[in-house]
Amino acid sequence: MEISGIERVSPKLNGDRGAVNGTGSDKLNGRVIRELAAEFGFQLAGVTSAAPVPDFERYRDWVDRGLAGEMKYLTDHRADIRGDMERLLPGVRSVICTGTLYNGPEPYSTEFSDPERAWISRYAWGEDYHDTIQARLKQFVCKLQEINGGEWRSCVDTAPLLERSLARQAGLGWIGKNTCLISQKEGSWFFLGEILTTLKVEPDSPAPDRCGSCTRCIDACPTTAIVPSAKGGFELDARRCISYFSIELRTSIPEDFRAGMGHHVFGCDICQDVCPWNRRAVVSAPPAREELFAPPLERLAGMSKTEFTQLFRGTAATRSKYGSFLRNIAVAMGNSEQTKFRQPLERLAGSEDPMVAEHARWALGRLAISPPPGS
Ligand code: SF4
Ligand code: SF4
């Protein structure tokens with residue numbers, strides 16, 4: 001999953017802005033927006049007010065208590081911008097939230113077990129959603145502007161927004177205990193996008209919370225990263241989350257959490273895989289790029305930096321760094337109980353990168369105490 005409670009990637013302030021002024025719209029409402037959004041390939045859409053988001057206080061508290069770990073894009077000056085969308089688009093009055101499904105035909109990570117293969121998160125198996133969704137959002141903005149003028153700005157992880165809170169307010173779904181946005185009809189495999197506008201558009205109503213007494217995501221999380229919140233409900237402690245370790249953390253992974261990472265080398269889908277609302281999630285994305293679905297660990301361990309760059313080119317996994325990726329592969333090999341990985345690990349233990357070498361030594365130590373295969 002994404003590092004939840006939060007955003008998936010570093011925001012960049014490079015959204016799209018329209019040019020015509022306007023203050024209200026009698027031609028746009030939630031129904032019209034949804035019909036138009038569907039024309040541009042958005043399966044989910046809704047509208048909310050651009051007033052300060054009530055969840056901001058909870059987010060600020062989450063950051064202040066250090067639960068975001070070292071994710072600077074969530075904790076630096078951009079944290080406060082999330083409480084004031086006026087700083088992103090002066091005069092903003094409404095936000096259109098969109099969702100694009102990305103579930104493909106491949107099995108869930110919880111249905112797949114091959115100790116010799118790595119797991120890369122589902123959202124990174126295809127084309128980089130930042131590019132594809134931003135292109136469609138821009139076309140959508142052109143259409144909206146043509147209908148009623150106004151100023152517009154489109155964002156897909158490109159501006160500091162509380163995007164899941166906005167999407168919840170706009171009726172796209174509720175924020176589950178796994179901290180992902182869940183649509184009752186579509187599940188949680190979707191990318192969010194937002195369009196800010198100076199027009200006032202009638203807001204939609206928030207969707208009800210349908211988690212009930214379920215705790216499957218909490219029970220399934222290998223590193224107990226979903227924790228009770230003092231403010232009620234649950235929250236993500238990113239400092240315990242496999243997605244954080246494998247993508248965001250650029251330094252050593254704390255030893256206590258390495259075993260729990262299993263074979264995850266980029267992200268983690270477990271708390272979405274086990275969610276009952278994803279049981280019947282519609283398959284709407286094309287099959288994964290073959291080399292990204294559960295690639296063999298041994299092949300990944302032998303990649304040069306150039307091969308690593310080629311592997312992820314054009315995907316959302318370009319955020320991964322070569323050294324961090326080799327570090328994750330070493331951990332996955334150490335967790336595999338496969339003594340055949342001793343040789344590639346010994347090579348990684350001789351790496352010039354001290355972080356990679358240290359994780360490879362840890363993995364060799366773990367393999368040494370692993371039970372022999374078939375025992
Ligand atoms: S299952 Fe746990 S570790 Fe994995 S993404 Fe969810 S919260 Fe993070
Ligand atoms: S697994 Fe259960 S508790 Fe967790 S998000 Fe899904 S419905 Fe909610």
# chains A, B, ... in the order shown; residues from 1 in each chain; ligands from 1

$ residues_near_ligand --ligand "ligand 2" --cutoff "6 Å" --atoms "only C-alpha atoms and all ligand atoms" --output "PDB file with N, CA and C atoms, in the first residue's frame"
ATOM      1  N   GLY A 176     -10.406   3.528   5.725  1.00  0.00           N
ATOM      2  CA  GLY A 176     -10.477   2.293   6.502  1.00  0.00           C
ATOM      3  C   GLY A 176      -9.462   2.265   7.630  1.00  0.00           C
ATOM      4  N   LYS A 177      -9.554   1.220   8.451  1.00  0.00           N
ATOM      5  CA  LYS A 177      -8.575   1.077   9.536  1.00  0.00           C
ATOM      6  C   LYS A 177      -7.171   0.896   8.959  1.00  0.00           C
ATOM      7  N   ASN A 178      -7.078   0.419   7.732  1.00  0.00           N
ATOM      8  CA  ASN A 178      -5.754   0.300   7.090  1.00  0.00           C
ATOM      9  C   ASN A 178      -5.282   1.644   6.535  1.00  0.00           C
ATOM     10  N   CYS A 211     -16.140  -0.227   7.915  1.00  0.00           N
ATOM     11  CA  CYS A 211     -15.203  -1.208   8.490  1.00  0.00           C
ATOM     12  C   CYS A 211     -15.882  -2.050   9.561  1.00  0.00           C
ATOM     13  N   CYS A 214     -14.564  -5.331  11.830  1.00  0.00           N
ATOM     14  CA  CYS A 214     -13.481  -6.040  11.133  1.00  0.00           C
ATOM     15  C   CYS A 214     -12.111  -5.530  11.617  1.00  0.00           C
ATOM     16  N   THR A 215     -11.164  -6.464  11.735  1.00  0.00           N
ATOM     17  CA  THR A 215      -9.790  -6.070  12.098  1.00  0.00           C
ATOM     18  C   THR A 215      -8.772  -6.825  11.240  1.00  0.00           C
ATOM     19  N   ARG A 216      -9.211  -7.309  10.083  1.00  0.00           N
ATOM     20  CA  ARG A 216      -8.330  -8.176   9.277  1.00  0.00           C
ATOM     21  C   ARG A 216      -7.006  -7.500   8.911  1.00  0.00           C
ATOM     22  N   CYS A 217      -7.060  -6.225   8.542  1.00  0.00           N
ATOM     23  CA  CYS A 217      -5.819  -5.556   8.140  1.00  0.00           C
ATOM     24  C   CYS A 217      -4.863  -5.430   9.333  1.00  0.00           C
ATOM     25  N   VAL A 274      -6.044  -8.272   2.200  1.00  0.00           N
ATOM     26  CA  VAL A 274      -6.930  -9.006   3.119  1.00  0.00           C
ATOM     27  C   VAL A 274      -8.259  -8.293   3.348  1.00  0.00           C
ATOM     28  N   CYS A 275      -8.399  -7.081   2.845  1.00  0.00           N
ATOM     29  CA  CYS A 275      -9.620  -6.309   3.107  1.00  0.00           C
ATOM     30  C   CYS A 275     -10.801  -6.938   2.364  1.00  0.00           C
ATOM     31  N   PRO A 276     -11.873  -7.250   3.065  1.00  0.00           N
ATOM     32  CA  PRO A 276     -13.015  -7.893   2.395  1.00  0.00           C
ATOM     33  C   PRO A 276     -13.607  -7.042   1.269  1.00  0.00           C
TER      34      PRO A 276
END

$ closest_atom_pairs --of "chain A" --to "ligand 1" --cutoff "10 Å" --atoms "only C-alpha atoms and all ligand atoms" --output "tab-separated table"
residue	atom	partner	partner_atom_place_in_ligand_line	distance
A:Met1	CA	ligand 1	5 (S)	4.6
A:Glu2	CA	ligand 1	5 (S)	6.7
A:Ile3	CA	ligand 1	5 (S)	6.8
A:Ser4	CA	ligand 1	7 (S)	7.6
A:Ser121	CA	ligand 1	5 (S)	9.4
A:Lys177	CA	ligand 1	7 (S)	9.5
A:Asn178	CA	ligand 1	7 (S)	6.3
A:Thr179	CA	ligand 1	7 (S)	8.2
A:Cys180	CA	ligand 1	6 (Fe)	9.2
A:Arg216	CA	ligand 1	1 (S)	9.9
A:Cys217	CA	ligand 1	1 (S)	6.5
A:Ile218	CA	ligand 1	2 (Fe)	7.4
A:Asp219	CA	ligand 1	1 (S)	8.9
A:Ala220	CA	ligand 1	1 (S)	6.4
A:Cys221	CA	ligand 1	1 (S)	3.9
A:Pro222	CA	ligand 1	2 (Fe)	6.0
A:Thr223	CA	ligand 1	3 (S)	5.6
A:Thr224	CA	ligand 1	2 (Fe)	6.2
A:Ala225	CA	ligand 1	7 (S)	4.8
A:Ile226	CA	ligand 1	7 (S)	5.4
A:Val227	CA	ligand 1	7 (S)	9.1
A:Glu235	CA	ligand 1	7 (S)	9.2
A:Leu236	CA	ligand 1	7 (S)	6.4
A:Asp237	CA	ligand 1	7 (S)	7.9
A:Ala238	CA	ligand 1	8 (Fe)	7.2
A:Arg239	CA	ligand 1	8 (Fe)	9.3
A:Arg240	CA	ligand 1	3 (S)	6.8
A:Cys241	CA	ligand 1	8 (Fe)	3.9
A:Ile242	CA	ligand 1	3 (S)	4.1
A:Ser243	CA	ligand 1	5 (S)	5.3
A:Tyr244	CA	ligand 1	8 (Fe)	7.3
A:Phe245	CA	ligand 1	3 (S)	8.8
A:Ser246	CA	ligand 1	3 (S)	9.8
A:Phe257	CA	ligand 1	3 (S)	9.8
A:Gly260	CA	ligand 1	3 (S)	8.4
A:Met261	CA	ligand 1	3 (S)	7.7
A:His264	CA	ligand 1	4 (Fe)	9.1
A:Gly267	CA	ligand 1	5 (S)	6.8
A:Cys268	CA	ligand 1	5 (S)	4.5
A:Asp269	CA	ligand 1	5 (S)	5.5
A:Ile270	CA	ligand 1	1 (S)	4.4
A:Cys271	CA	ligand 1	1 (S)	4.1
A:Gln272	CA	ligand 1	6 (Fe)	7.1
A:Asp273	CA	ligand 1	1 (S)	8.7
A:Val274	CA	ligand 1	1 (S)	9.0

$ write_last_selection --atoms "C-alpha atoms" --output "compact mmCIF listing (two decimals), in the first residue's frame"
# COMPACT_ATOMS: atom_id res chain seq x y z
CA MET A 1 0.00 0.00 0.00
CA GLU A 2 0.96 3.60 -0.06
CA ILE A 3 2.34 5.04 3.14
CA SER A 4 -1.06 5.67 4.43
CA SER A 121 3.63 -3.38 -4.87
CA LYS A 177 -8.57 1.08 9.54
CA ASN A 178 -5.75 0.30 7.09
CA THR A 179 -5.81 4.08 6.39
CA CYS A 180 -6.63 3.56 2.70
CA ARG A 216 -8.33 -8.18 9.28
CA CYS A 217 -5.82 -5.56 8.14
CA ILE A 218 -4.61 -4.98 11.70
CA ASP A 219 -4.26 -8.72 12.32
CA ALA A 220 -2.47 -9.36 9.01
CA CYS A 221 0.10 -6.57 9.21
CA PRO A 222 3.45 -8.33 9.74
CA THR A 223 5.02 -5.38 11.56
CA THR A 224 1.99 -4.17 13.59
CA ALA A 225 2.09 -0.79 11.92
CA ILE A 226 -1.65 -0.08 12.31
CA VAL A 227 -2.00 1.07 15.89
CA GLU A 235 -3.59 5.26 12.66
CA LEU A 236 -0.49 4.23 10.78
CA ASP A 237 2.85 4.32 12.54
CA ALA A 238 4.92 4.73 9.38
CA ARG A 239 8.07 3.93 11.35
CA ARG A 240 6.83 0.33 11.54
CA CYS A 241 5.45 0.01 7.99
CA ILE A 242 7.07 -2.13 5.27
CA SER A 243 6.12 0.43 2.60
CA TYR A 244 8.03 3.07 4.54
CA PHE A 245 11.08 0.87 5.07
CA SER A 246 11.24 -0.39 1.50
CA PHE A 257 11.59 -5.19 11.52
CA GLY A 260 8.67 -9.02 9.14
CA MET A 261 9.44 -7.60 5.69
CA HIS A 264 8.79 -7.21 0.00
CA GLY A 267 5.97 -1.39 -0.99
CA CYS A 268 3.48 -3.74 0.67
CA ASP A 269 -0.10 -4.66 -0.28
CA ILE A 270 -1.04 -6.98 2.59
CA CYS A 271 -3.50 -4.72 4.42
CA GLN A 272 -5.39 -4.14 1.16
CA ASP A 273 -5.13 -7.78 0.01
CA VAL A 274 -6.93 -9.01 3.12

$ closest_residue --among "A:Ala294, A:Leu326, A:Ala124, A:Val53" --to "A:Asp353" --atoms "only C-alpha atoms"
A:Leu326

$ atom_distance --atom1 "atom CA of A:Ser188" --atom2 "atom CA of A:Leu101"
8.3 Å

$ select_by_dssp --residues "stretch 133-359 of chain A" --states "strand (DSSP E)" --output "list of chain:residue names"
A:Trp152, A:Arg153, A:Ser154, A:Cys155, A:Trp174, A:Ile175, A:Leu181, A:Ile182, A:Phe190, A:Phe191, A:Leu192, A:Gly193, A:Glu194, A:Ile195, A:Leu196, A:Thr197, A:Ile226, A:Val227, A:Pro228, A:Phe234, A:Glu235, A:Leu236, A:His264, A:Val265, A:Phe266

$ write_last_selection --atoms "C-alpha atoms" --output "PDB file, in the first residue's frame"
ATOM      1  CA  TRP A 152      -8.384  25.436 -12.060  1.00  0.00           C
ATOM      2  CA  ARG A 153      -5.431  23.446 -10.838  1.00  0.00           C
ATOM      3  CA  SER A 154      -5.036  19.701 -11.196  1.00  0.00           C
ATOM      4  CA  CYS A 155      -2.935  17.580  -8.847  1.00  0.00           C
ATOM      5  CA  TRP A 174     -14.329   6.026   3.709  1.00  0.00           C
ATOM      6  CA  ILE A 175     -10.844   5.873   5.247  1.00  0.00           C
ATOM      7  CA  LEU A 181      -9.660   5.113   1.044  1.00  0.00           C
ATOM      8  CA  ILE A 182     -12.217   2.368   0.364  1.00  0.00           C
ATOM      9  CA  PHE A 190      -7.384   3.232  -7.050  1.00  0.00           C
ATOM     10  CA  PHE A 191      -5.240   6.298  -7.556  1.00  0.00           C
ATOM     11  CA  LEU A 192      -6.548   9.639  -6.381  1.00  0.00           C
ATOM     12  CA  GLY A 193      -6.400  12.889  -8.298  1.00  0.00           C
ATOM     13  CA  GLU A 194      -7.747  16.344  -7.452  1.00  0.00           C
ATOM     14  CA  ILE A 195      -8.870  19.435  -9.301  1.00  0.00           C
ATOM     15  CA  LEU A 196      -9.026  22.689  -7.349  1.00  0.00           C
ATOM     16  CA  THR A 197     -11.311  25.396  -8.702  1.00  0.00           C
ATOM     17  CA  ILE A 226      -1.653  -0.081  12.310  1.00  0.00           C
ATOM     18  CA  VAL A 227      -2.004   1.072  15.888  1.00  0.00           C
ATOM     19  CA  PRO A 228      -4.826   2.443  18.073  1.00  0.00           C
ATOM     20  CA  PHE A 234      -6.572   3.600  14.266  1.00  0.00           C
ATOM     21  CA  GLU A 235      -3.586   5.261  12.663  1.00  0.00           C
ATOM     22  CA  LEU A 236      -0.489   4.228  10.778  1.00  0.00           C
ATOM     23  CA  HIS A 264       8.786  -7.206   0.001  1.00  0.00           C
ATOM     24  CA  VAL A 265      11.308  -5.154  -1.958  1.00  0.00           C
ATOM     25  CA  PHE A 266       9.088  -2.210  -2.989  1.00  0.00           C
TER      26      PHE A 266
END

$ residues_around --residues "A:Ala45" --least-positions-apart "5" --cutoff "10 Å" --atoms "only C-alpha atoms" --output "PDB file with all heavy atoms, in the first residue's frame"
ATOM      1  N   GLY A  30     -22.476  17.588  -8.753  1.00  0.00           N
ATOM      2  CA  GLY A  30     -21.837  16.280  -8.618  1.00  0.00           C
ATOM      3  C   GLY A  30     -22.193  15.334  -9.765  1.00  0.00           C
ATOM      4  O   GLY A  30     -21.328  14.625 -10.282  1.00  0.00           O
ATOM      5  N   ARG A  31     -23.462  15.331 -10.180  1.00  0.00           N
ATOM      6  CA  ARG A  31     -23.883  14.401 -11.229  1.00  0.00           C
ATOM      7  C   ARG A  31     -23.194  14.725 -12.555  1.00  0.00           C
ATOM      8  O   ARG A  31     -22.644  13.847 -13.219  1.00  0.00           O
ATOM      9  CB  ARG A  31     -25.421  14.476 -11.397  1.00  0.00           C
ATOM     10  CG  ARG A  31     -25.984  13.431 -12.341  1.00  0.00           C
ATOM     11  CD  ARG A  31     -27.477  13.641 -12.561  1.00  0.00           C
ATOM     12  NE  ARG A  31     -27.818  14.999 -12.987  1.00  0.00           N
ATOM     13  CZ  ARG A  31     -27.653  15.469 -14.222  1.00  0.00           C
ATOM     14  NH1 ARG A  31     -27.155  14.696 -15.153  1.00  0.00           N
ATOM     15  NH2 ARG A  31     -27.987  16.718 -14.530  1.00  0.00           N
ATOM     16  N   ILE A  33     -20.437  16.402 -12.939  1.00  0.00           N
ATOM     17  CA  ILE A  33     -19.003  16.127 -12.766  1.00  0.00           C
ATOM     18  C   ILE A  33     -18.724  14.643 -12.974  1.00  0.00           C
ATOM     19  O   ILE A  33     -17.772  14.258 -13.663  1.00  0.00           O
ATOM     20  CB  ILE A  33     -18.538  16.560 -11.352  1.00  0.00           C
ATOM     21  CG1 ILE A  33     -18.628  18.076 -11.180  1.00  0.00           C
ATOM     22  CG2 ILE A  33     -17.145  16.024 -11.027  1.00  0.00           C
ATOM     23  CD1 ILE A  33     -17.541  18.878 -11.808  1.00  0.00           C
ATOM     24  N   ARG A  34     -19.548  13.784 -12.381  1.00  0.00           N
ATOM     25  CA  ARG A  34     -19.317  12.336 -12.504  1.00  0.00           C
ATOM     26  C   ARG A  34     -19.469  11.871 -13.957  1.00  0.00           C
ATOM     27  O   ARG A  34     -18.695  11.054 -14.441  1.00  0.00           O
ATOM     28  CB  ARG A  34     -20.268  11.550 -11.580  1.00  0.00           C
ATOM     29  CG  ARG A  34     -19.655  11.331 -10.205  1.00  0.00           C
ATOM     30  CD  ARG A  34     -20.542  10.517  -9.304  1.00  0.00           C
ATOM     31  NE  ARG A  34     -21.688  11.266  -8.831  1.00  0.00           N
ATOM     32  CZ  ARG A  34     -21.633  12.190  -7.878  1.00  0.00           C
ATOM     33  NH1 ARG A  34     -20.500  12.463  -7.283  1.00  0.00           N
ATOM     34  NH2 ARG A  34     -22.712  12.854  -7.515  1.00  0.00           N
ATOM     35  N   GLU A  35     -20.453  12.412 -14.651  1.00  0.00           N
ATOM     36  CA  GLU A  35     -20.633  12.021 -16.062  1.00  0.00           C
ATOM     37  C   GLU A  35     -19.426  12.444 -16.891  1.00  0.00           C
ATOM     38  O   GLU A  35     -18.898  11.681 -17.686  1.00  0.00           O
ATOM     39  CB  GLU A  35     -21.912  12.669 -16.625  1.00  0.00           C
ATOM     40  CG  GLU A  35     -23.166  11.958 -16.167  1.00  0.00           C
ATOM     41  CD  GLU A  35     -24.445  12.707 -16.557  1.00  0.00           C
ATOM     42  OE1 GLU A  35     -24.354  13.696 -17.338  1.00  0.00           O
ATOM     43  OE2 GLU A  35     -25.499  12.312 -16.067  1.00  0.00           O
ATOM     44  N   LEU A  36     -18.982  13.674 -16.666  1.00  0.00           N
ATOM     45  CA  LEU A  36     -17.817  14.160 -17.411  1.00  0.00           C
ATOM     46  C   LEU A  36     -16.560  13.382 -17.035  1.00  0.00           C
ATOM     47  O   LEU A  36     -15.759  13.006 -17.892  1.00  0.00           O
ATOM     48  CB  LEU A  36     -17.590  15.651 -17.122  1.00  0.00           C
ATOM     49  CG  LEU A  36     -18.559  16.629 -17.771  1.00  0.00           C
ATOM     50  CD1 LEU A  36     -18.319  18.023 -17.226  1.00  0.00           C
ATOM     51  CD2 LEU A  36     -18.393  16.619 -19.280  1.00  0.00           C
ATOM     52  N   ALA A  37     -16.404  13.110 -15.719  1.00  0.00           N
ATOM     53  CA  ALA A  37     -15.218  12.384 -15.251  1.00  0.00           C
ATOM     54  C   ALA A  37     -15.135  11.013 -15.916  1.00  0.00           C
ATOM     55  O   ALA A  37     -14.059  10.567 -16.309  1.00  0.00           O
ATOM     56  CB  ALA A  37     -15.262  12.247 -13.730  1.00  0.00           C
ATOM     57  N   ALA A  38     -16.292  10.359 -16.050  1.00  0.00           N
ATOM     58  CA  ALA A  38     -16.308   9.026 -16.675  1.00  0.00           C
ATOM     59  C   ALA A  38     -15.814   9.126 -18.124  1.00  0.00           C
ATOM     60  O   ALA A  38     -15.095   8.243 -18.600  1.00  0.00           O
ATOM     61  CB  ALA A  38     -17.718   8.446 -16.616  1.00  0.00           C
ATOM     62  N   ILE A  96     -12.647  18.952  -6.803  1.00  0.00           N
ATOM     63  CA  ILE A  96     -13.192  17.755  -7.451  1.00  0.00           C
ATOM     64  C   ILE A  96     -12.186  16.641  -7.209  1.00  0.00           C
ATOM     65  O   ILE A  96     -10.995  16.794  -7.508  1.00  0.00           O
ATOM     66  CB  ILE A  96     -13.377  17.980  -8.967  1.00  0.00           C
ATOM     67  CG1 ILE A  96     -14.411  19.084  -9.205  1.00  0.00           C
ATOM     68  CG2 ILE A  96     -13.792  16.681  -9.671  1.00  0.00           C
ATOM     69  CD1 ILE A  96     -14.458  19.573 -10.640  1.00  0.00           C
ATOM     70  N   CYS A  97     -12.657  15.543  -6.635  1.00  0.00           N
ATOM     71  CA  CYS A  97     -11.771  14.397  -6.367  1.00  0.00           C
ATOM     72  C   CYS A  97     -12.079  13.294  -7.366  1.00  0.00           C
ATOM     73  O   CYS A  97     -13.245  13.018  -7.656  1.00  0.00           O
ATOM     74  CB  CYS A  97     -11.996  13.885  -4.945  1.00  0.00           C
ATOM     75  SG  CYS A  97     -11.601  15.117  -3.702  1.00  0.00           S
ATOM     76  N   THR A  98     -11.035  12.661  -7.870  1.00  0.00           N
ATOM     77  CA  THR A  98     -11.231  11.579  -8.839  1.00  0.00           C
ATOM     78  C   THR A  98     -10.509  10.315  -8.369  1.00  0.00           C
ATOM     79  O   THR A  98      -9.530  10.375  -7.637  1.00  0.00           O
ATOM     80  CB  THR A  98     -10.667  11.954 -10.230  1.00  0.00           C
ATOM     81  OG1 THR A  98      -9.246  12.118 -10.118  1.00  0.00           O
ATOM     82  CG2 THR A  98     -11.296  13.206 -10.787  1.00  0.00           C
ATOM     83  N   GLY A  99     -10.995   9.181  -8.833  1.00  0.00           N
ATOM     84  CA  GLY A  99     -10.341   7.900  -8.551  1.00  0.00           C
ATOM     85  C   GLY A  99     -10.208   7.096  -9.833  1.00  0.00           C
ATOM     86  O   GLY A  99     -11.129   7.029 -10.637  1.00  0.00           O
ATOM     87  N   THR A 100      -9.014   6.509 -10.028  1.00  0.00           N
ATOM     88  CA  THR A 100      -8.748   5.666 -11.201  1.00  0.00           C
ATOM     89  C   THR A 100      -8.347   4.281 -10.718  1.00  0.00           C
ATOM     90  O   THR A 100      -7.353   4.136 -10.003  1.00  0.00           O
ATOM     91  CB  THR A 100      -7.589   6.254 -12.041  1.00  0.00           C
ATOM     92  OG1 THR A 100      -7.905   7.603 -12.383  1.00  0.00           O
ATOM     93  CG2 THR A 100      -7.350   5.445 -13.303  1.00  0.00           C
ATOM     94  N   ALA A 167     -11.153  13.183  -0.518  1.00  0.00           N
ATOM     95  CA  ALA A 167     -11.924  12.184  -1.270  1.00  0.00           C
ATOM     96  C   ALA A 167     -13.038  11.606  -0.404  1.00  0.00           C
ATOM     97  O   ALA A 167     -14.131  11.323  -0.893  1.00  0.00           O
ATOM     98  CB  ALA A 167     -10.994  11.071  -1.754  1.00  0.00           C
ATOM     99  N   ALA A 170     -15.772  14.042  -0.327  1.00  0.00           N
ATOM    100  CA  ALA A 170     -16.438  14.120  -1.632  1.00  0.00           C
ATOM    101  C   ALA A 170     -17.256  12.867  -1.946  1.00  0.00           C
ATOM    102  O   ALA A 170     -17.806  12.740  -3.038  1.00  0.00           O
ATOM    103  CB  ALA A 170     -15.399  14.354  -2.732  1.00  0.00           C
ATOM    104  N   GLY A 171     -17.303  11.921  -0.984  1.00  0.00           N
ATOM    105  CA  GLY A 171     -18.179  10.762  -1.156  1.00  0.00           C
ATOM    106  C   GLY A 171     -17.562   9.598  -1.906  1.00  0.00           C
ATOM    107  O   GLY A 171     -18.253   8.635  -2.241  1.00  0.00           O
ATOM    108  N   LEU A 172     -16.231   9.641  -2.184  1.00  0.00           N
ATOM    109  CA  LEU A 172     -15.624   8.532  -2.935  1.00  0.00           C
ATOM    110  C   LEU A 172     -15.513   7.259  -2.092  1.00  0.00           C
ATOM    111  O   LEU A 172     -15.460   6.157  -2.628  1.00  0.00           O
ATOM    112  CB  LEU A 172     -14.224   8.916  -3.453  1.00  0.00           C
ATOM    113  CG  LEU A 172     -14.196   9.573  -4.847  1.00  0.00           C
ATOM    114  CD1 LEU A 172     -14.936  10.898  -4.835  1.00  0.00           C
ATOM    115  CD2 LEU A 172     -12.758   9.779  -5.317  1.00  0.00           C
ATOM    116  N   LEU A 192      -5.762   8.422  -6.561  1.00  0.00           N
ATOM    117  CA  LEU A 192      -6.548   9.639  -6.381  1.00  0.00           C
ATOM    118  C   LEU A 192      -5.961  10.785  -7.195  1.00  0.00           C
ATOM    119  O   LEU A 192      -4.743  10.855  -7.395  1.00  0.00           O
ATOM    120  CB  LEU A 192      -6.568  10.021  -4.897  1.00  0.00           C
ATOM    121  CG  LEU A 192      -7.314   9.055  -3.976  1.00  0.00           C
ATOM    122  CD1 LEU A 192      -7.125   9.465  -2.525  1.00  0.00           C
ATOM    123  CD2 LEU A 192      -8.797   9.015  -4.325  1.00  0.00           C
ATOM    124  N   GLY A 193      -6.824  11.649  -7.643  1.00  0.00           N
ATOM    125  CA  GLY A 193      -6.400  12.889  -8.298  1.00  0.00           C
ATOM    126  C   GLY A 193      -7.342  13.995  -7.839  1.00  0.00           C
ATOM    127  O   GLY A 193      -8.460  13.708  -7.398  1.00  0.00           O
ATOM    128  N   GLU A 194      -6.904  15.231  -7.902  1.00  0.00           N
ATOM    129  CA  GLU A 194      -7.747  16.344  -7.452  1.00  0.00           C
ATOM    130  C   GLU A 194      -7.706  17.484  -8.451  1.00  0.00           C
ATOM    131  O   GLU A 194      -6.684  17.700  -9.115  1.00  0.00           O
ATOM    132  CB  GLU A 194      -7.282  16.896  -6.084  1.00  0.00           C
ATOM    133  CG  GLU A 194      -7.302  15.903  -4.949  1.00  0.00           C
ATOM    134  CD  GLU A 194      -6.109  14.970  -4.970  1.00  0.00           C
ATOM    135  OE1 GLU A 194      -5.038  15.406  -5.461  1.00  0.00           O
ATOM    136  OE2 GLU A 194      -6.224  13.809  -4.541  1.00  0.00           O
ATOM    137  N   ASP A 204     -20.743  17.031  -2.567  1.00  0.00           N
ATOM    138  CA  ASP A 204     -21.388  15.738  -2.311  1.00  0.00           C
ATOM    139  C   ASP A 204     -21.310  15.428  -0.814  1.00  0.00           C
ATOM    140  O   ASP A 204     -20.643  16.135  -0.061  1.00  0.00           O
ATOM    141  CB  ASP A 204     -20.660  14.637  -3.105  1.00  0.00           C
ATOM    142  CG  ASP A 204     -20.959  14.731  -4.591  1.00  0.00           C
ATOM    143  OD1 ASP A 204     -22.136  14.601  -4.953  1.00  0.00           O
ATOM    144  OD2 ASP A 204     -20.020  14.960  -5.378  1.00  0.00           O
TER     145      ASP A 204
END
